[in-house]
$ cat query-v7.cif   # mmCIF, C-alpha atoms
data_run
loop_
_atom_site.label_atom_id
_atom_site.label_comp_id
_atom_site.auth_asym_id
_atom_site.auth_seq_id
_atom_site.Cartn_x
_atom_site.Cartn_y
_atom_site.Cartn_z
CA MET A 34 2.86 7.25 -17.96
CA LEU A 35 3.36 7.55 -14.21
CA LEU A 36 4.42 4.78 -11.87
CA LYS A 37 1.49 3.08 -10.19
CA VAL A 38 1.93 2.41 -6.48
CA TYR A 39 -0.12 0.58 -3.87
CA LEU A 40 0.36 1.41 -0.19
CA ASP A 41 -0.94 -1.17 2.29
CA MET A 42 -2.75 -0.30 5.52
CA CYS A 43 0.31 -0.54 7.77
CA CYS A 44 1.92 2.08 5.54
CA TYR A 45 -1.05 4.44 5.98
CA ASN A 46 -0.92 3.85 9.74
CA ARG A 47 2.83 4.46 10.07
CA PRO A 48 2.50 8.17 11.00
CA TYR A 49 0.41 7.14 14.02
CA ASP A 50 3.09 4.78 15.41
CA ASP A 51 5.67 5.68 18.09
CA GLN A 52 7.86 8.25 16.34
CA SER A 53 10.57 8.08 19.02
CA GLN A 54 11.93 5.02 17.22
CA LEU A 55 14.27 6.17 14.44
CA LYS A 56 13.24 3.44 11.95
CA ILE A 57 9.56 4.34 12.36
CA SER A 58 10.26 8.05 12.09
CA ILE A 59 12.26 7.61 8.87
CA GLU A 60 9.59 5.36 7.36
CA THR A 61 6.94 7.92 8.32
CA GLN A 62 8.84 10.76 6.63
CA SER A 63 9.31 8.62 3.52
CA LYS A 64 5.63 7.64 3.46
CA LEU A 65 4.57 11.29 3.79
CA TYR A 66 6.96 12.20 0.97
CA ILE A 67 5.35 9.50 -1.21
CA GLN A 68 1.92 10.92 -0.38
CA ASN A 69 3.16 14.34 -1.50
CA LEU A 70 4.35 12.85 -4.80
CA ILE A 71 0.86 11.41 -5.23
CA LYS A 72 -0.78 14.75 -4.35
CA ASP A 73 1.54 16.52 -6.80
CA GLY A 74 0.51 14.14 -9.60
CA LYS A 75 3.94 12.47 -9.87
CA LEU A 76 2.71 8.98 -8.93
CA ASP A 77 -0.57 7.18 -9.51
CA LEU A 78 -2.19 5.67 -6.41
CA VAL A 79 -4.03 2.36 -6.60
CA THR A 80 -6.39 1.27 -3.82
CA SER A 81 -8.74 -1.66 -3.33
CA TYR A 82 -11.83 -3.00 -1.63
CA MET A 83 -9.55 -4.76 0.88
CA LEU A 84 -7.86 -1.46 1.77
CA ARG A 85 -11.26 0.18 2.28
CA TYR A 86 -12.42 -2.77 4.38
CA GLU A 87 -9.33 -2.68 6.60
CA CYS A 88 -9.53 1.09 6.99
CA SER A 89 -13.19 0.82 8.02
CA LYS A 90 -12.11 -1.42 10.91
CA ASN A 91 -9.73 1.21 12.35
CA PRO A 92 -11.07 1.95 15.86
CA PHE A 93 -9.67 5.50 15.80
CA ALA A 94 -12.14 7.76 13.96
CA MET A 95 -9.62 10.54 13.23
CA ARG A 96 -7.12 8.10 11.70
CA ARG A 97 -9.81 6.25 9.76
CA ASN A 98 -11.30 9.49 8.40
CA THR A 99 -7.90 10.96 7.49
CA ILE A 100 -6.91 7.83 5.57
CA PHE A 101 -10.29 7.62 3.81
CA GLU A 102 -10.08 11.30 2.89
CA PHE A 103 -6.67 10.78 1.26
CA ILE A 104 -7.59 7.63 -0.67
CA ASN A 105 -10.95 9.07 -1.76
CA LYS A 106 -9.28 12.20 -3.11
CA TYR A 107 -6.15 10.73 -4.72
CA THR A 108 -6.99 7.22 -5.94
CA TYR A 109 -6.09 6.88 -9.61
CA ALA A 110 -7.35 3.30 -9.99
CA TYR A 111 -9.56 1.25 -7.71
CA VAL A 112 -9.73 -2.55 -7.59
CA GLY A 113 -13.34 -3.13 -6.61
CA ILE A 114 -15.24 -6.00 -5.09
CA ASP A 115 -16.43 -6.93 -8.60
CA HIS A 116 -12.94 -8.43 -9.10
CA LYS A 117 -13.03 -10.35 -5.81
CA SER A 118 -12.91 -13.85 -7.34
CA LEU A 119 -9.83 -13.00 -9.44
CA ILE A 120 -8.15 -11.24 -6.52
CA GLU A 121 -8.83 -14.12 -4.15
CA LYS A 122 -7.54 -16.68 -6.65
CA LYS A 123 -4.23 -14.81 -6.83
CA ALA A 124 -4.28 -14.20 -3.05
CA TYR A 125 -4.49 -17.94 -2.40
CA GLU A 126 -1.42 -18.47 -4.61
CA ILE A 127 0.43 -15.83 -2.59
CA MET A 128 -0.75 -17.40 0.67
CA ASN A 129 1.13 -20.58 -0.30
CA THR A 130 4.31 -18.64 0.53
CA GLY A 131 3.14 -18.01 4.12
CA ILE A 132 1.45 -14.62 3.62
CA LYS A 133 -1.85 -14.06 5.47
CA PHE A 134 -5.11 -13.57 3.56
CA LYS A 135 -5.60 -9.80 3.92
CA ASP A 136 -1.96 -9.07 3.06
CA ALA A 137 -2.11 -11.46 0.11
CA SER A 138 -5.30 -9.72 -1.08
CA HIS A 139 -3.53 -6.35 -1.02
CA VAL A 140 -0.62 -7.72 -3.06
CA ALA A 141 -3.01 -9.50 -5.46
CA SER A 142 -4.96 -6.25 -5.96
CA ALA A 143 -1.76 -4.35 -6.73
CA ILE A 144 -0.68 -7.02 -9.22
CA PHE A 145 -4.16 -7.04 -10.81
CA ALA A 146 -3.92 -3.26 -11.31
CA ASN A 147 -0.43 -3.59 -12.85
CA CYS A 148 1.28 -1.55 -10.15
CA GLU A 149 5.01 -1.30 -10.42
CA TYR A 150 5.45 -0.99 -6.63
CA PHE A 151 3.81 -2.39 -3.51
CA ILE A 152 4.83 -0.26 -0.54
CA SER A 153 4.59 -1.59 3.01
CA THR A 154 6.25 -1.27 6.39
CA ASP A 155 5.45 -4.91 7.23
CA ILE A 156 8.83 -6.66 7.31
CA ARG A 157 7.27 -10.12 7.12
CA LEU A 158 5.15 -9.20 4.09
CA LEU A 159 8.11 -7.61 2.31
CA LYS A 160 9.85 -11.01 2.32
CA TYR A 161 7.39 -12.05 -0.40
CA LYS A 162 9.13 -11.83 -3.76
CA SER A 163 7.45 -11.74 -7.14
CA ASN A 164 8.43 -11.01 -10.72
CA GLU A 165 5.04 -9.30 -11.07
CA ILE A 166 5.60 -6.42 -8.64
CA LYS A 167 8.39 -4.80 -6.67
CA MET A 168 7.91 -5.12 -2.89
CA VAL A 169 9.55 -2.24 -0.98
CA ASN A 170 9.32 -0.23 2.21
CA PRO A 171 8.82 3.56 1.87
CA VAL A 172 12.51 4.33 2.47
CA ASP A 173 13.68 1.94 -0.24
CA PHE A 174 11.06 3.32 -2.62
CA ILE A 175 12.42 6.87 -2.16
CA ARG A 176 15.97 5.60 -2.52
CA GLU A 177 15.09 3.83 -5.78
CA VAL A 178 12.66 6.21 -7.41
CA GLY A 179 13.14 9.60 -5.80
CA GLU A 180 10.92 12.13 -7.55
CA ASN A 181 10.64 10.07 -10.73
#
$ encode --input "query-v7.cif" --output "structure tokens"
Amino acid sequence: MLLKVYLDMCCYNRPYDDQSQLKISIETQSKLYIQNLIKDGKLDLVTSYMLRYECSKNPFAMRRNTIFEFINKYTYAYVGIDHKSLIEKKAYEIMNTGIKFKDASHVASAIFANCEYFISTDIRLLKYKSNEIKMVNPVDFIREVGEN
């Protein structure tokens, strides 16, 4: 069985950030490497209704379409709106630690789908700790898991 991973929206948007900053460039390369592992069938990608909602709000059509194309093609498991009440219940628990609703919904969706890893570039969100899922940035994920 492959590792299940959930990438949040800031992770998908990382390649579109200012690459002149070394930290951003390294995170981008790591994120693209993770996407290649997904494409090569070495990781299972989990997505959710919250990810689709956030992506739909991206004002840049090319970015929005590129992200949708990837998640539509490579999603292994999808946490749909039919699970919204369960996801929101868990999200509200997570929010008690200071995490905002959309971020908490992403984490709750990943936990609901039994993902081993939640991958984000959001430093504030990565401060959330849980025994239910490992919270990492793309660089740490590569360092820990490599090619599986």
$ closest_residue --input "query-v7.cif" --among "A:Gln62, A:Cys148, A:Lys56, A:Tyr45" --to "Phe101 in chain A" --atoms "all atoms listed in the file"
A:Tyr45
$ closest_residue --input "query-v7.cif" --among "A:Val140, A:Asp155, A:Lys75, A:Phe103" --to "Met128 in chain A" --atoms "all atoms listed in the file"
A:Val140
$ closest_residue --input "query-v7.cif" --among "A:His139, A:Lys123, A:Lys167, A:Lys162" --to "Leu84 in chain A" --atoms "only C-alpha atoms"
A:His139
$ closest_residue --input "query-v7.cif" --among "A:Val79, A:Met95, A:Leu55, A:Ile175" --to "Val112 in chain A" --atoms "all atoms listed in the file"
A:Val79
$ closest_residue --input "query-v7.cif" --among "A:Lys160, A:Lys106, A:Lys72, A:Lys117" --to "Ser142 in chain A" --atoms "all atoms listed in the file"
A:Lys117
$ atom_distance --input "query-v7.cif" --atom1 "CA of Asp173 in chain A" --atom2 "CA of Tyr109 in chain A"
22.4 Å
